[in-house]
Every structure is written in structure tokens, then in C-alpha cells.
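Undergrad: Quick one: the structure is below, and I'll ask about it shortly.
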4 protein chains.
Amino acid sequence: MTNHLETLRAPPEPSKIELSHTIEEGAQVLLFQDSRRKWVTRVSRTKFHTHRGFLELSDIIGKRYGESVKTSMGQTLSLFRPRAIDLVDVFDRPTQILYPKDIGYSLYQLGVKAGDRVLEVGTGSGAMTASLAQAVQPDGHIFSYEMRPEFLESARSNIEKAGLSAVVTFHHKDPTEGFDEDEAGAVVVDLGDPWKMVGPAWRALVGGGMLAGFTPTANQLEKLAEALRAGGFLILEAVEVLLRQLKTEAGKVRPESRMVGHTAYVTIARKIL
Amino acid sequence: MTNHLETLRAPPEPSKIELSHTIEEGAQVLLFQDSRRKWVTRVSRTKFHTHRGFLELSDIIGKRYGESVKTSMGQTLSLFRPRAIDLVDVFDRPTQILYPKDIGYSLYQLGVKAGDRVLEVGTGSGAMTASLAQAVQPDGHIFSYEMRPEFLESARSNIEKAGLSAVVTFHHKDPTEGFDEDEAGAVVVDLGDPWKMVGPAWRALVGGGMLAGFTPTANQLEKLAEALRAGGFLILEAVEVLLRQLKTEAGKVRPESRMVGHTAYVTIARKIL
Amino acid sequence: MTNHLETLRAPPEPSKIELSHTIEEGAQVLLFQDSRRKWVTRVSRTKFHTHRGFLELSDIIGKRYGESVKTSMGQTLSLFRPRAIDLVDVFDRPTQILYPKDIGYSLYQLGVKAGDRVLEVGTGSGAMTASLAQAVQPDGHIFSYEMRPEFLESARSNIEKAGLSAVVTFHHKDPTEGFDEDEAGAVVVDLGDPWKMVGPAWRALVGGGMLAGFTPTANQLEKLAEALRAGGFLILEAVEVLLRQLKTEAGKVRPESRMVGHTAYVTIARKIL
Amino acid sequence: MTNHLETLRAPPEPSKIELSHTIEEGAQVLLFQDSRRKWVTRVSRTKFHTHRGFLELSDIIGKRYGESVKTSMGQTLSLFRPRAIDLVDVFDRPTQILYPKDIGYSLYQLGVKAGDRVLEVGTGSGAMTASLAQAVQPDGHIFSYEMRPEFLESARSNIEKAGLSAVVTFHHKDPTEGFDEDEAGAVVVDLGDPWKMVGPAWRALVGGGMLAGFTPTANQLEKLAEALRAGGFLILEAVEVLLRQLKTEAGKVRPESRMVGHTAYVTIARKIL
């Protein structure tokens, strides 16, 4: 991974930040109704249809991010710059995807940052791929492996729509025999038999490089942990992340009635020499 | 925030990644015994003392990251490049700090990335500051406000040791009347009375900019949520993140007996115009 | 509450336990397909209809508990003696009912046992009523207050079908001004404004008597706790009980994907003089 | 298990409830300072010593339950009738004991009630034994098996002090080859290798009888579940119960910082013929 910044620099002036306040043609925009109903699109001279009426996309050119518009049926939509999490929320999903609670925690544990070089297997729908891509851009790169052609196709399309293709390379390939790349700072493994990837991951990582593995069952966790310990890794931790949403209406603060009970155990390990 | 990458580029060659494999004099290194006993230092011509003997730091010059060494008393220490989470773990802590489970989730929800400009109040020991700094470097910047001089001093020292001073500007100042900066992509609020910061945060943020607030009690959560709704924000969610560690010894897989029951509710909101 | 047993007695012979092994006409029986599809009925000379065919109830007379039968469409149903939890699961529910996780924990905390005299407000669908009734039978008694006639009617019918009418007395009455009974060992409060019941509960309880209150929101919890502290109670604890189901298929052990995120905070308090 | 009450009876008059309001010599009393400092003793003509001064027990004769007294050093102690949970809290504990969250849930799931006949293996310190005893008294009985003599001795002493000896029979014996009793309504298994008890439990239970098993690891849970399915049981559920304490101080409502992360998975099964 790249070195930490250690030379002193003057903090950048606001004016130096390239940040358009107004929405331009061709820009990526999040149309936000609520957490469950939101869409990401590019601004063009076409109509955008929702279940609550349509929108002339050209009407939002020149509006500022943070403003809102109304559809033909009067539904208010806020106009936002999409975060990685918004991009992922609107992905096509031929397969189960990782949850934000697991992605966010893993990115932080992996320490993935701008300029990093990361390997991923399997791609799935590309949720983790997009999140990794945003974390390493503009100079880092993600190399993502997927064996099932329909998933790969969907992920490629998702990543392209997300505008992150420049930092992602896809491989339609089984990396059990070895990744095509080496010198990776981190490897992310999201497969049914992740223990098979321990050897290839070790060989592809730099010394001290990080690994994150996702396993839904306790049995998979056990096998992955055994393989890591036997395969030249130090397990930093195995955890499960639980997330509870809260209602915050005044006078009625309480957790939501329903929550996700389980997604996957997350194992974080580090290559030792 | 900066635009997503949309132009196509060839993936970088491994050789182009500036990544020293060997530990050089002056480099920052993590000496890792286990999750509870680890130290970050710079490699110099001095002795480093642990409770299990000392180490001649000069002996590790030329070693590769991922290798290990032994102290004078035979304790094995792995040599790693520190992640933000390692840097934070070794911080001086005159005050309670945010937990990785909350930092990781918030960074992902905020969508903070390379090049972003972020405001923070209050700094505390600098755990969130360092994590934000690593996420926005090398071209972004963190402006962090803290009113208690002893915390500010400690945070400044922590950030300097972490090698992140170039991307952080500290203010010894109460921003209730307004931040010195504007055009921020995100504001992070970790104070006892976060509702007071809603107005200043709104004015300092770009349209659609993000806010994360941390509140230990349900009463604070309620007041913050009310202030956000009244103050031009859309609450995306209020959550609590729970983390359970697992033991992964073969044949004895089980959650740990003890866990952290509560730290803070995390509120994620977005500025609307 | 009654005294603990302290005189020595010979353990009862199995033969002295009145326990019919065979299902008799008029007996209460649980027809069990799976956790979600189960029915409680009395054995009579009629047909019992399920969505998977019917059953001649007379055919199960003489069968043993634990055996199974097949419906006209070939669905296997196990024949069990219903527990309180089974009775409650099949209740008509005009209103939200308490969950087993909360009932079980509260019964244990309250220390309710055979011979106890317990007050309840409000009855709701009678889930807690039935559970209390089973705990105090045969010599104890439950006095349950409900102001909404449709709930009372439903609860009365549920308790009667459960065969627990002999130990339950219903009141269609607001006990804010005072319960009709006193000398109670425990009071259970499941209302939107439970703090109103603190005074009446105190007056109706014996010295050292127990109170359990259920409150969905943090705001209600706060108000109830304040009223209890001001009203002559010692709060033993306020908790939330979370339950995770696990899948136990060999090689695929894991928590279920979905769980209940929140029902109510449970407050346990004790009357002091 | 005994039949449900189905004959109608007039609710008992308060006067008929045998309930002494005043503390008599020889009575069992809970001296309560707070949740962590409480003691159960019998009222006699002796001194009772706490770390905050002593108490002349004779002084509390004639006081009412719910009143409080002061020690020689001025510490206030409330005088309560002990619940099962209080008795268990003051047990000698040569071994890890089950937690109230697990005991309370299991008792409710097992449907154990007055008059029931229950088998237990292993006794441990007797926490579950005492709780079962209180649930089945006065006419039911617990038969508890323990192979380690020091635990058995401790449990026997605990149960005697708790005043529950009349409803408990201990066996210093390995029941792997079979329990001495049969016709049991429920069997509780708390052993390292609970799968060995599936056969004996099946033979000792009445048709439709209940089993509860406690297993700390996922591997034990898996093996127990397999044995139950193969051994004539229907698994009703396997769960883990999590309990969070809340602080209820006005204006500062929040979960406690620390919680128990794991004790044991609880498996509830029913014998089928």
C-alpha cells in the first residue's frame, strides 16, 4: 500500500476543490424518494419513469445537488450525488449481495485506501467491487474474479453504470490455481469454499497484506480459520456485525421491529512471512 | 465531493505501485504481538522496549513487512505496515473514543473518499480524525474542532505520530456560531449536544452533503433527529452497530462470552436545499 | 407469595402422577405440523379441517401423546399435549401480543409460581394471562383488567379454549383509580401509559411484591422508570431480550437471516415500604 | 404432565391465601442492598455480617416484607421474600452456571409447571435445579444427575439452603446407560457431550415429552441436533437469547456499555413416537 503522507502541505482552498454545485448534462445523479425508492441515472434529454409519474431529466440540468423536483404525478424527488452505497443499492442482483454493515466494517478493517491494489473473488453482483473501487480510486485498482458468466455480466454492467470501470478489471476465471496479479495489498474472498483461496491469496499478497473472508455458516468459518492458520496468515479477528435501525420520531424513539438476523461471519487476517 | 472516475485507463502495472517491500529507516512500523499488545513506531537507531524485552530497531531495517523478529526476551513480534485502525488503537486516550464498528460503518455511509473535504467536531482523541484523514488522503482534508485544550493537544500529537498531519487542520474553537470552512462534503459530529451543530453544519455543507452524528443516549438521539428534520436535513437512518467476536478454534466455534453492549447511536443525514 | 417447601417428603412414585398416556375424548390436543402450522382442539366426534386435508378427531381417541396421524390428504400431524406457549400461539389476536422471549423472561424474574395471586392490566389477547395462569395453577389466581371490550371478549374466549378459565377473573374496567383486589404477589402492566398504574399497583401489592412493565419505546421506559422510583418501587432491572433462531442442519449451522429486532423493554421492580 | 384445570371454581379470597406479611423466626429472607450485593439467610437469634456492618437478625422478626433495616454501619438493606432467581444468585458456584436469560426462556418453552416430573443432567451448581424445583412445587419433583462429587455436594447444599430439598432427588451417577426414572414430562441436559443423553432421555420421557439442551459451541449444537433428529425427537427450535440491560436515568436512557455476548445455544425438542 502507498505510504502515509508525511510532508507538510497547506490545506487546500475551497476554490481548489473541483466540485460542481450544479447538475450538468451527463452527470450521474441519485433521484431519492426514500430509502427504499431511489434511482441512479445519468442526466440526458430523456424522460425518467418512476411508479409515481415521470421526470424530464433535462429539467434538472442546472439545478443544484440537494434540491428537489416533482414528477408528473407530484412525487418529490431529491437530487443527490450518489455515494458508493447508493450505487450498490440500485445494482441488478442476480445473486445475494453483501450488506453495507459488512462492507463498511471490512473496508475499515482492511485499511483499503486511495492507491491500493486489491484482488477480489467472487465478484457476485459487484457490491463489494464497487465499494472497493471507490475506496482505492483514482489511482488504485481492483481485480475481480468470477466464474459464473451471468454474474460477471451483471457485475460488469453494474460497475459501468456506477462509473467505476476505470478502476476495475474483471476476470472470468477460477483463481484456485493462482491469481493473475501479485503484489496485492488486500484480497477479499466471498465464495462458498473460501479455504481454497488461502494459498493463492497468500502468494498474491505483499508481506503483511490483508485478507477478508465472508462465510454464512459456522462450519465454513471453522474451515476458513483452519486454512488461514495453516496457510501463513494471522487471524486478527472473526466477527459478526449486527445492525439495528431506530425510529426517531419525537416521543416514540425505539428500535425497528424487524432486523436482519444474520448475513455472514467476517474474518480478517494478515499475511505473515 | 469529487466526481467519479469515468474515463477509461489501463490498469496500473504492479511495478508502478510505489510500495517498498523492505522496512527502511524512518518508516512507520507496527510491532504486533497480538490484538491487545501492539505498538506503532518509526524505525530509528534506538531501542524499543516492551514488557517482554527490548528490540534494537536498527535490526529491522531491511526486513520485509510480514516478517517477524524476537525481543531480547524471546517474544515474537510481527512487522506490519500500520492500518488506520492500528494507528488509532495505539493513540493516547484522554477521552472515550469511537469504536471501529462505528467508525467503519460511518465512513461507508458518509461515502468519504480520496479528495473529500470533511469537517469534524469534536476531535476527542482523534480516532475518527485519523480514520477520516486516511480515507480522504492524499488530496482531501479534515478540519477538526475541539474546545478542550487537553484533548486537542493529545489529538494533535496522535495525528502527528500517525503521519497524517498533512491532511488535518485543527481548530481550538467552538463552532456553534459557525465553522471557519464551507463547501464541505461531510460533517461529523461527536459532542454531548450535537443538535447545536445542525445549523452550522447545514451552512458549511455543499448541497446534498452528508452528516454523521454519534449519540450515546436515546434522549440525545431524539433531540438530534428533531433538530435535523427541522434544520434542512433528510435523515437517511439512525442505527446501532453491534459487533460480536467469535472464537474459531477447530471443534469449538462460538461467540466470545463478553461483548460491548452499547457505544452510540449513529445518525446519518443529508443536507437538502 | 406462598412459602417454599421445607418439610421433607418422599419423592412421588411415577404411578402417583396423574398422567394419561392415551388421548381421551374431551382432552385438549395439539395437532402439530410444524412451528408455523399447528392447532389446538378438543377431541370430539367431529372432523377437523386443515389446509392439507381433514382429520376424523374420533380416530385419535386411544392414541398416545407423541404419536402422529395423517390427514385425508396425507399430511402428517403429531399429537401433543399443548404447553402454554402452544395455547398462546393459536390465540385469536385482535391486538399485538407479547413474545415468548419476553413472557418467559418476565415469569422467571417475577418468580410467579403455583398458588400466587397476580394482577394484570391490560389483558390484550390474553397471551400473558394464559402464561401467568399456567404458572400459578391450580391454586393461584389471575385478575386481569381490560378496558377495550373487543379485546376482553377475545381474551375471555382464548382463555376458555385454553382450559384456564378456572384460574382467571376478568374485569372490564379501568384500574387507574385502583384495582378491586389487593394482597397481590405480582402486578403485570402492559399499557401505553404504564406510569398511571404505578400508584394502584403499589397499593394492591404485598410488601416486596413484584411488578413487570412492558414498554415499546425508550420514552415510555423513561417515564415508567421515573414513576416507579417516585412511587415506592425499587427497579431491579430494565432490559431488552433478543432472540436469534439458528439453523442446525449438519454442515450448515448458522443463525437465521431474519429476526425480530424489537418488541418491548421489560422493567422489573419490587415494592418497598 | 398434569391436565389443565377445567372445572370452574370461585376465585380464592385474599384471606385464604396463606401469606405471612411479617417476617417470622426461621423464615427465609433476602437482604437486598443492590443487584450485586444481596444475601439470603434464615431469621435466627444471630448476627449477620456484611462488608458494610452487621445486623442483629432478631431485630427483623416482626418486620414486614418490603421494609428496610440499617446495618451497624448505616447501610440500608431491604427485606424481601426471595425469588428462585435470588436464591440462585447467592449459590456457591464451583462451576459456571446457566444465566437467568437462558433459564427463564427454557422454563417457558418446556412448559414446566406445578406437579411436573423433570429429569436433569448435569446438576452443576444447581441453578437450573432450583428453578425447575420452584416451577414444579409443591407436588412435582426434580431428579438431578451429577457425576462430579464436588459439584453434587455444592448443589445439594445450595438446594438445601434454598429450602427446596423436598422436591429434588440427587443422583451421583452417569445416566448415559439410562435414567433411574421414567414417565418424565421433561429432561434438561447441560453437559459437554449432550448427544450421549438423547437415547436415555427418549426412553425416560412420556410421549410428547420435552427436552432442553444447552451447548456453548456451534459444533456441540450441530452434534446435538443431529442426535435428536436421529433419536426420535422433533426439534422445535434452537436459539440464542441475548439480554441487554438499560440505564433508565431520566434524560439519559441508554443500553449498558457491557453485555454478555454468549452463554449457550438452547435447543428445545419434543419426543415423538
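Order determines the names: the first chain of the C-alpha cells is A, the second B, and so forth; residues in each chain are numbered 1 upward, and ligands are numbered 1 upward as they are shown.
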Enumerate as an MDAnalysis selection string the residues belonging to chain B that approach chain D to within 10 Å, with only C-alpha atoms taken into account.

TA: chainID B and resid 215:220 243:247 250:265

Undergrad: Could you give me, as a count of residues only, the residues within 9 Å of C:Val69, counting only C-alpha atoms and dropping anything in the same chain fewer than 5 positions from it?

TA: 9

Undergrad: Fewer than 5 positions away in the same chain doesn't count, so skip those; otherwise give me all residues within 6 Å of stretch 118-120 of chain A, counting only C-alpha atoms, as a compact mmCIF listing (two decimals) with all heavy atoms, in the first residue's frame.

TA:
```
# COMPACT_ATOMS: atom_id res chain seq x y z
N ILE A 142 -8.87 -2.55 -8.70
CA ILE A 142 -9.48 -3.79 -8.22
C ILE A 142 -9.45 -4.82 -9.34
O ILE A 142 -9.85 -4.52 -10.47
CB ILE A 142 -10.96 -3.56 -7.81
CG1 ILE A 142 -11.12 -2.31 -6.93
CG2 ILE A 142 -11.54 -4.80 -7.14
CD1 ILE A 142 -10.30 -2.30 -5.67
N PHE A 143 -8.98 -6.02 -9.01
CA PHE A 143 -9.01 -7.13 -9.96
C PHE A 143 -9.99 -8.15 -9.41
O PHE A 143 -9.76 -8.71 -8.33
CB PHE A 143 -7.61 -7.74 -10.11
CG PHE A 143 -6.59 -6.75 -10.60
CD1 PHE A 143 -5.89 -5.95 -9.70
CD2 PHE A 143 -6.36 -6.61 -11.96
CE1 PHE A 143 -4.96 -5.02 -10.15
CE2 PHE A 143 -5.42 -5.68 -12.42
CZ PHE A 143 -4.72 -4.88 -11.51
N SER A 144 -11.08 -8.36 -10.12
CA SER A 144 -12.17 -9.16 -9.56
C SER A 144 -12.44 -10.42 -10.38
O SER A 144 -12.62 -10.35 -11.60
CB SER A 144 -13.44 -8.30 -9.47
OG SER A 144 -14.43 -8.98 -8.76
N ALA A 184 -0.48 -7.60 -4.26
CA ALA A 184 -1.74 -7.01 -3.81
C ALA A 184 -1.65 -6.61 -2.34
O ALA A 184 -1.01 -7.30 -1.54
CB ALA A 184 -2.89 -8.00 -4.01
N GLY A 185 -2.29 -5.51 -2.01
CA GLY A 185 -2.34 -5.07 -0.62
C GLY A 185 -3.41 -5.80 0.16
O GLY A 185 -3.33 -5.94 1.37
N ALA A 186 -4.44 -6.26 -0.55
CA ALA A 186 -5.55 -6.94 0.12
C ALA A 186 -6.26 -7.90 -0.83
O ALA A 186 -6.27 -7.67 -2.04
CB ALA A 186 -6.56 -5.92 0.66
N VAL A 187 -6.80 -8.96 -0.27
CA VAL A 187 -7.62 -9.91 -1.03
C VAL A 187 -8.94 -10.09 -0.29
O VAL A 187 -8.96 -10.26 0.93
CB VAL A 187 -6.91 -11.29 -1.15
CG1 VAL A 187 -7.84 -12.30 -1.82
CG2 VAL A 187 -5.60 -11.17 -1.92
N VAL A 188 -10.03 -10.01 -1.06
CA VAL A 188 -11.36 -10.20 -0.49
C VAL A 188 -11.96 -11.48 -1.06
O VAL A 188 -12.00 -11.64 -2.28
CB VAL A 188 -12.28 -9.00 -0.81
CG1 VAL A 188 -13.71 -9.27 -0.35
CG2 VAL A 188 -11.73 -7.74 -0.16
```

Undergrad: In Å, how far is it from atom CA of D:Lys47 to atom CA of D:Ile61?

TA: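 Here the two named atoms are 13.0 Å from each other.
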
Undergrad: Can you pull out the residues contacting A:Ile23? Cut-off 10 Å, using only C-alpha atoms, and skip same-chain residues under 6 positions away; I want them as a ChimeraX atom specification.

TA: /A:29,43,60-65,79-81

Undergrad: Distance atom CA of C:Val136-atom CA of C:Leu211, one decimal place?

TA: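 Taking atom CA of C:Val136 as the start and atom CA of C:Leu211 as the end point, the length is 15.8 Å.
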
Undergrad: What is the distance, in Å and to one decimal place, between atom CA of C:Ser154 and atom CA of C:Val189?

TA: 18.7 Å

Undergrad: Which residues are close to D:Gly231, i.e. within 12 Å by only C-alpha atoms, leaving aside same-chain residues fewer than 4 positions away? Reply as a list in words.

TA: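 Final neighbour list, sorted by chain and number: Trp195, Lys196, Met197, Val198, Gly199, Pro200, Ala201, Trp202, Arg203, Lys223, Leu224, Ala225, Glu226, Ala227, Ile235, Ala269, Arg270, Lys271, Ile272 and Leu273 of chain D.
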
Undergrad: Please identify the strand (DSSP E or B) residues within stretch 19-114 of chain B (assignment by DSSP from backbone atoms) and present them as a PDB file with N, CA, C and O atoms, in the first residue's frame.

TA:
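Written output follows (out.pdb):
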```pdb
ATOM      1  N   THR B  22      10.607  -3.622   1.750  1.00  0.00           N
ATOM      2  CA  THR B  22      11.509  -3.718   2.888  1.00  0.00           C
ATOM      3  C   THR B  22      11.340  -2.493   3.775  1.00  0.00           C
ATOM      4  O   THR B  22      10.965  -1.414   3.319  1.00  0.00           O
ATOM      5  N   GLN B  28       7.315   3.983   9.224  1.00  0.00           N
ATOM      6  CA  GLN B  28       6.388   3.700  10.307  1.00  0.00           C
ATOM      7  C   GLN B  28       6.155   2.192  10.323  1.00  0.00           C
ATOM      8  O   GLN B  28       5.869   1.607   9.272  1.00  0.00           O
ATOM      9  N   VAL B  29       6.250   1.573  11.475  1.00  0.00           N
ATOM     10  CA  VAL B  29       6.063   0.123  11.513  1.00  0.00           C
ATOM     11  C   VAL B  29       5.196  -0.263  12.711  1.00  0.00           C
ATOM     12  O   VAL B  29       5.239   0.370  13.766  1.00  0.00           O
ATOM     13  N   LEU B  30       4.370  -1.282  12.483  1.00  0.00           N
ATOM     14  CA  LEU B  30       3.548  -1.841  13.560  1.00  0.00           C
ATOM     15  C   LEU B  30       4.261  -3.068  14.105  1.00  0.00           C
ATOM     16  O   LEU B  30       4.553  -4.005  13.357  1.00  0.00           O
ATOM     17  N   LEU B  31       4.550  -3.052  15.392  1.00  0.00           N
ATOM     18  CA  LEU B  31       5.107  -4.232  16.065  1.00  0.00           C
ATOM     19  C   LEU B  31       3.935  -4.957  16.697  1.00  0.00           C
ATOM     20  O   LEU B  31       3.296  -4.435  17.613  1.00  0.00           O
ATOM     21  N   PHE B  32       3.653  -6.151  16.210  1.00  0.00           N
ATOM     22  CA  PHE B  32       2.418  -6.830  16.570  1.00  0.00           C
ATOM     23  C   PHE B  32       2.679  -8.102  17.360  1.00  0.00           C
ATOM     24  O   PHE B  32       3.229  -9.057  16.816  1.00  0.00           O
ATOM     25  N   GLN B  33       2.275  -8.101  18.619  1.00  0.00           N
ATOM     26  CA  GLN B  33       2.346  -9.342  19.395  1.00  0.00           C
ATOM     27  C   GLN B  33       0.997 -10.062  19.310  1.00  0.00           C
ATOM     28  O   GLN B  33       0.906 -11.206  18.906  1.00  0.00           O
ATOM     29  N   ASP B  34      -0.061  -9.369  19.684  1.00  0.00           N
ATOM     30  CA  ASP B  34      -1.417  -9.864  19.482  1.00  0.00           C
ATOM     31  C   ASP B  34      -2.358  -8.659  19.494  1.00  0.00           C
ATOM     32  O   ASP B  34      -1.893  -7.530  19.598  1.00  0.00           O
ATOM     33  N   ARG B  37      -1.731  -6.372  22.347  1.00  0.00           N
ATOM     34  CA  ARG B  37      -0.373  -5.872  22.566  1.00  0.00           C
ATOM     35  C   ARG B  37       0.285  -5.580  21.233  1.00  0.00           C
ATOM     36  O   ARG B  37       0.798  -6.482  20.560  1.00  0.00           O
ATOM     37  N   LYS B  38       0.217  -4.324  20.856  1.00  0.00           N
ATOM     38  CA  LYS B  38       0.837  -3.897  19.607  1.00  0.00           C
ATOM     39  C   LYS B  38       1.276  -2.451  19.750  1.00  0.00           C
ATOM     40  O   LYS B  38       0.717  -1.702  20.545  1.00  0.00           O
ATOM     41  N   TRP B  39       2.300  -2.086  19.000  1.00  0.00           N
ATOM     42  CA  TRP B  39       2.891  -0.765  19.100  1.00  0.00           C
ATOM     43  C   TRP B  39       3.208  -0.243  17.705  1.00  0.00           C
ATOM     44  O   TRP B  39       3.562  -1.011  16.809  1.00  0.00           O
ATOM     45  N   VAL B  40       3.080   1.062  17.506  1.00  0.00           N
ATOM     46  CA  VAL B  40       3.495   1.692  16.253  1.00  0.00           C
ATOM     47  C   VAL B  40       4.677   2.597  16.551  1.00  0.00           C
ATOM     48  O   VAL B  40       4.652   3.361  17.518  1.00  0.00           O
ATOM     49  N   THR B  41       5.710   2.505  15.759  1.00  0.00           N
ATOM     50  CA  THR B  41       6.878   3.356  15.990  1.00  0.00           C
ATOM     51  C   THR B  41       7.528   3.690  14.646  1.00  0.00           C
ATOM     52  O   THR B  41       7.127   3.186  13.604  1.00  0.00           O
ATOM     53  N   ARG B  42       8.505   4.573  14.684  1.00  0.00           N
ATOM     54  CA  ARG B  42       9.317   4.836  13.487  1.00  0.00           C
ATOM     55  C   ARG B  42      10.651   4.135  13.658  1.00  0.00           C
ATOM     56  O   ARG B  42      11.211   4.112  14.751  1.00  0.00           O
ATOM     57  N   LYS B  47      16.606   1.710  20.900  1.00  0.00           N
ATOM     58  CA  LYS B  47      15.984   0.508  21.458  1.00  0.00           C
ATOM     59  C   LYS B  47      14.489   0.766  21.596  1.00  0.00           C
ATOM     60  O   LYS B  47      14.063   1.864  21.927  1.00  0.00           O
ATOM     61  N   PHE B  48      13.687  -0.287  21.408  1.00  0.00           N
ATOM     62  CA  PHE B  48      12.245  -0.188  21.657  1.00  0.00           C
ATOM     63  C   PHE B  48      11.903  -1.183  22.767  1.00  0.00           C
ATOM     64  O   PHE B  48      12.198  -2.377  22.659  1.00  0.00           O
ATOM     65  N   HIS B  49      11.297  -0.687  23.832  1.00  0.00           N
ATOM     66  CA  HIS B  49      11.024  -1.537  24.985  1.00  0.00           C
ATOM     67  C   HIS B  49       9.583  -2.020  25.028  1.00  0.00           C
ATOM     68  O   HIS B  49       8.656  -1.246  24.870  1.00  0.00           O
ATOM     69  N   THR B  50       9.418  -3.327  25.246  1.00  0.00           N
ATOM     70  CA  THR B  50       8.094  -3.888  25.510  1.00  0.00           C
ATOM     71  C   THR B  50       8.164  -4.518  26.899  1.00  0.00           C
ATOM     72  O   THR B  50       9.229  -4.580  27.498  1.00  0.00           O
ATOM     73  N   GLY B  53      10.757  -7.630  27.008  1.00  0.00           N
ATOM     74  CA  GLY B  53      12.099  -7.427  26.466  1.00  0.00           C
ATOM     75  C   GLY B  53      12.154  -6.299  25.463  1.00  0.00           C
ATOM     76  O   GLY B  53      11.136  -5.722  25.099  1.00  0.00           O
ATOM     77  N   PHE B  54      13.378  -5.997  25.006  1.00  0.00           N
ATOM     78  CA  PHE B  54      13.531  -4.871  24.085  1.00  0.00           C
ATOM     79  C   PHE B  54      13.959  -5.356  22.702  1.00  0.00           C
ATOM     80  O   PHE B  54      14.249  -6.540  22.495  1.00  0.00           O
ATOM     81  N   LEU B  55      13.960  -4.393  21.784  1.00  0.00           N
ATOM     82  CA  LEU B  55      14.246  -4.649  20.381  1.00  0.00           C
ATOM     83  C   LEU B  55      15.192  -3.552  19.914  1.00  0.00           C
ATOM     84  O   LEU B  55      14.976  -2.377  20.228  1.00  0.00           O
ATOM     85  N   GLU B  56      16.263  -3.920  19.192  1.00  0.00           N
ATOM     86  CA  GLU B  56      17.085  -2.899  18.548  1.00  0.00           C
ATOM     87  C   GLU B  56      16.383  -2.561  17.235  1.00  0.00           C
ATOM     88  O   GLU B  56      16.347  -3.389  16.322  1.00  0.00           O
ATOM     89  N   ARG B  64      11.553  -7.467   5.640  1.00  0.00           N
ATOM     90  CA  ARG B  64      10.358  -7.245   4.841  1.00  0.00           C
ATOM     91  C   ARG B  64       9.125  -7.155   5.739  1.00  0.00           C
ATOM     92  O   ARG B  64       9.057  -7.824   6.770  1.00  0.00           O
ATOM     93  N   SER B  68       8.884 -11.482  11.036  1.00  0.00           N
ATOM     94  CA  SER B  68       8.818 -11.248  12.475  1.00  0.00           C
ATOM     95  C   SER B  68      10.220 -11.237  13.070  1.00  0.00           C
ATOM     96  O   SER B  68      11.172 -11.713  12.464  1.00  0.00           O
ATOM     97  N   VAL B  69      10.306 -10.660  14.251  1.00  0.00           N
ATOM     98  CA  VAL B  69      11.582 -10.593  14.971  1.00  0.00           C
ATOM     99  C   VAL B  69      11.323 -11.037  16.413  1.00  0.00           C
ATOM    100  O   VAL B  69      10.182 -11.202  16.830  1.00  0.00           O
ATOM    101  N   LYS B  70      12.416 -11.232  17.140  1.00  0.00           N
ATOM    102  CA  LYS B  70      12.270 -11.610  18.544  1.00  0.00           C
ATOM    103  C   LYS B  70      12.869 -10.522  19.428  1.00  0.00           C
ATOM    104  O   LYS B  70      13.901  -9.938  19.103  1.00  0.00           O
ATOM    105  N   THR B  76       8.083 -13.080  20.099  1.00  0.00           N
ATOM    106  CA  THR B  76       7.970 -12.844  18.659  1.00  0.00           C
ATOM    107  C   THR B  76       7.059 -11.648  18.376  1.00  0.00           C
ATOM    108  O   THR B  76       5.970 -11.548  18.933  1.00  0.00           O
ATOM    109  N   LEU B  77       7.518 -10.749  17.527  1.00  0.00           N
ATOM    110  CA  LEU B  77       6.708  -9.605  17.094  1.00  0.00           C
ATOM    111  C   LEU B  77       6.666  -9.589  15.568  1.00  0.00           C
ATOM    112  O   LEU B  77       7.709  -9.633  14.916  1.00  0.00           O
ATOM    113  N   SER B  78       5.474  -9.533  15.009  1.00  0.00           N
ATOM    114  CA  SER B  78       5.360  -9.399  13.554  1.00  0.00           C
ATOM    115  C   SER B  78       5.545  -7.937  13.172  1.00  0.00           C
ATOM    116  O   SER B  78       5.203  -7.041  13.944  1.00  0.00           O
ATOM    117  N   LEU B  79       6.093  -7.733  11.985  1.00  0.00           N
ATOM    118  CA  LEU B  79       6.357  -6.376  11.494  1.00  0.00           C
ATOM    119  C   LEU B  79       5.369  -6.051  10.383  1.00  0.00           C
ATOM    120  O   LEU B  79       5.390  -6.678   9.323  1.00  0.00           O
ATOM    121  N   PHE B  80       4.488  -5.105  10.641  1.00  0.00           N
ATOM    122  CA  PHE B  80       3.456  -4.780   9.660  1.00  0.00           C
ATOM    123  C   PHE B  80       3.453  -3.287   9.343  1.00  0.00           C
ATOM    124  O   PHE B  80       3.873  -2.463  10.151  1.00  0.00           O
TER     125      PHE B  80
END
```

Undergrad: Just list as a list in words whatever in stretch 222-257 of chain B DSSP marks as helix (DSSP H, G or I).

TA: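 In stretch 222-257 of chain B, DSSP puts these residues in helix (DSSP H, G or I): Glu222, Lys223, Leu224, Ala225, Glu226, Ala227, Leu228, Arg229 and Ala230 of chain B.
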
Undergrad: Could you check the closest approach to C:Pro149 for each of C:Met128, C:Pro94, C:Gln109, C:Asp182 and tell me which residue wins, using only C-alpha atoms?

TA: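 Of C:Met128, C:Pro94, C:Gln109, C:Asp182, the one nearest C:Pro149 is C:Pro94, counting only C-alpha atoms.
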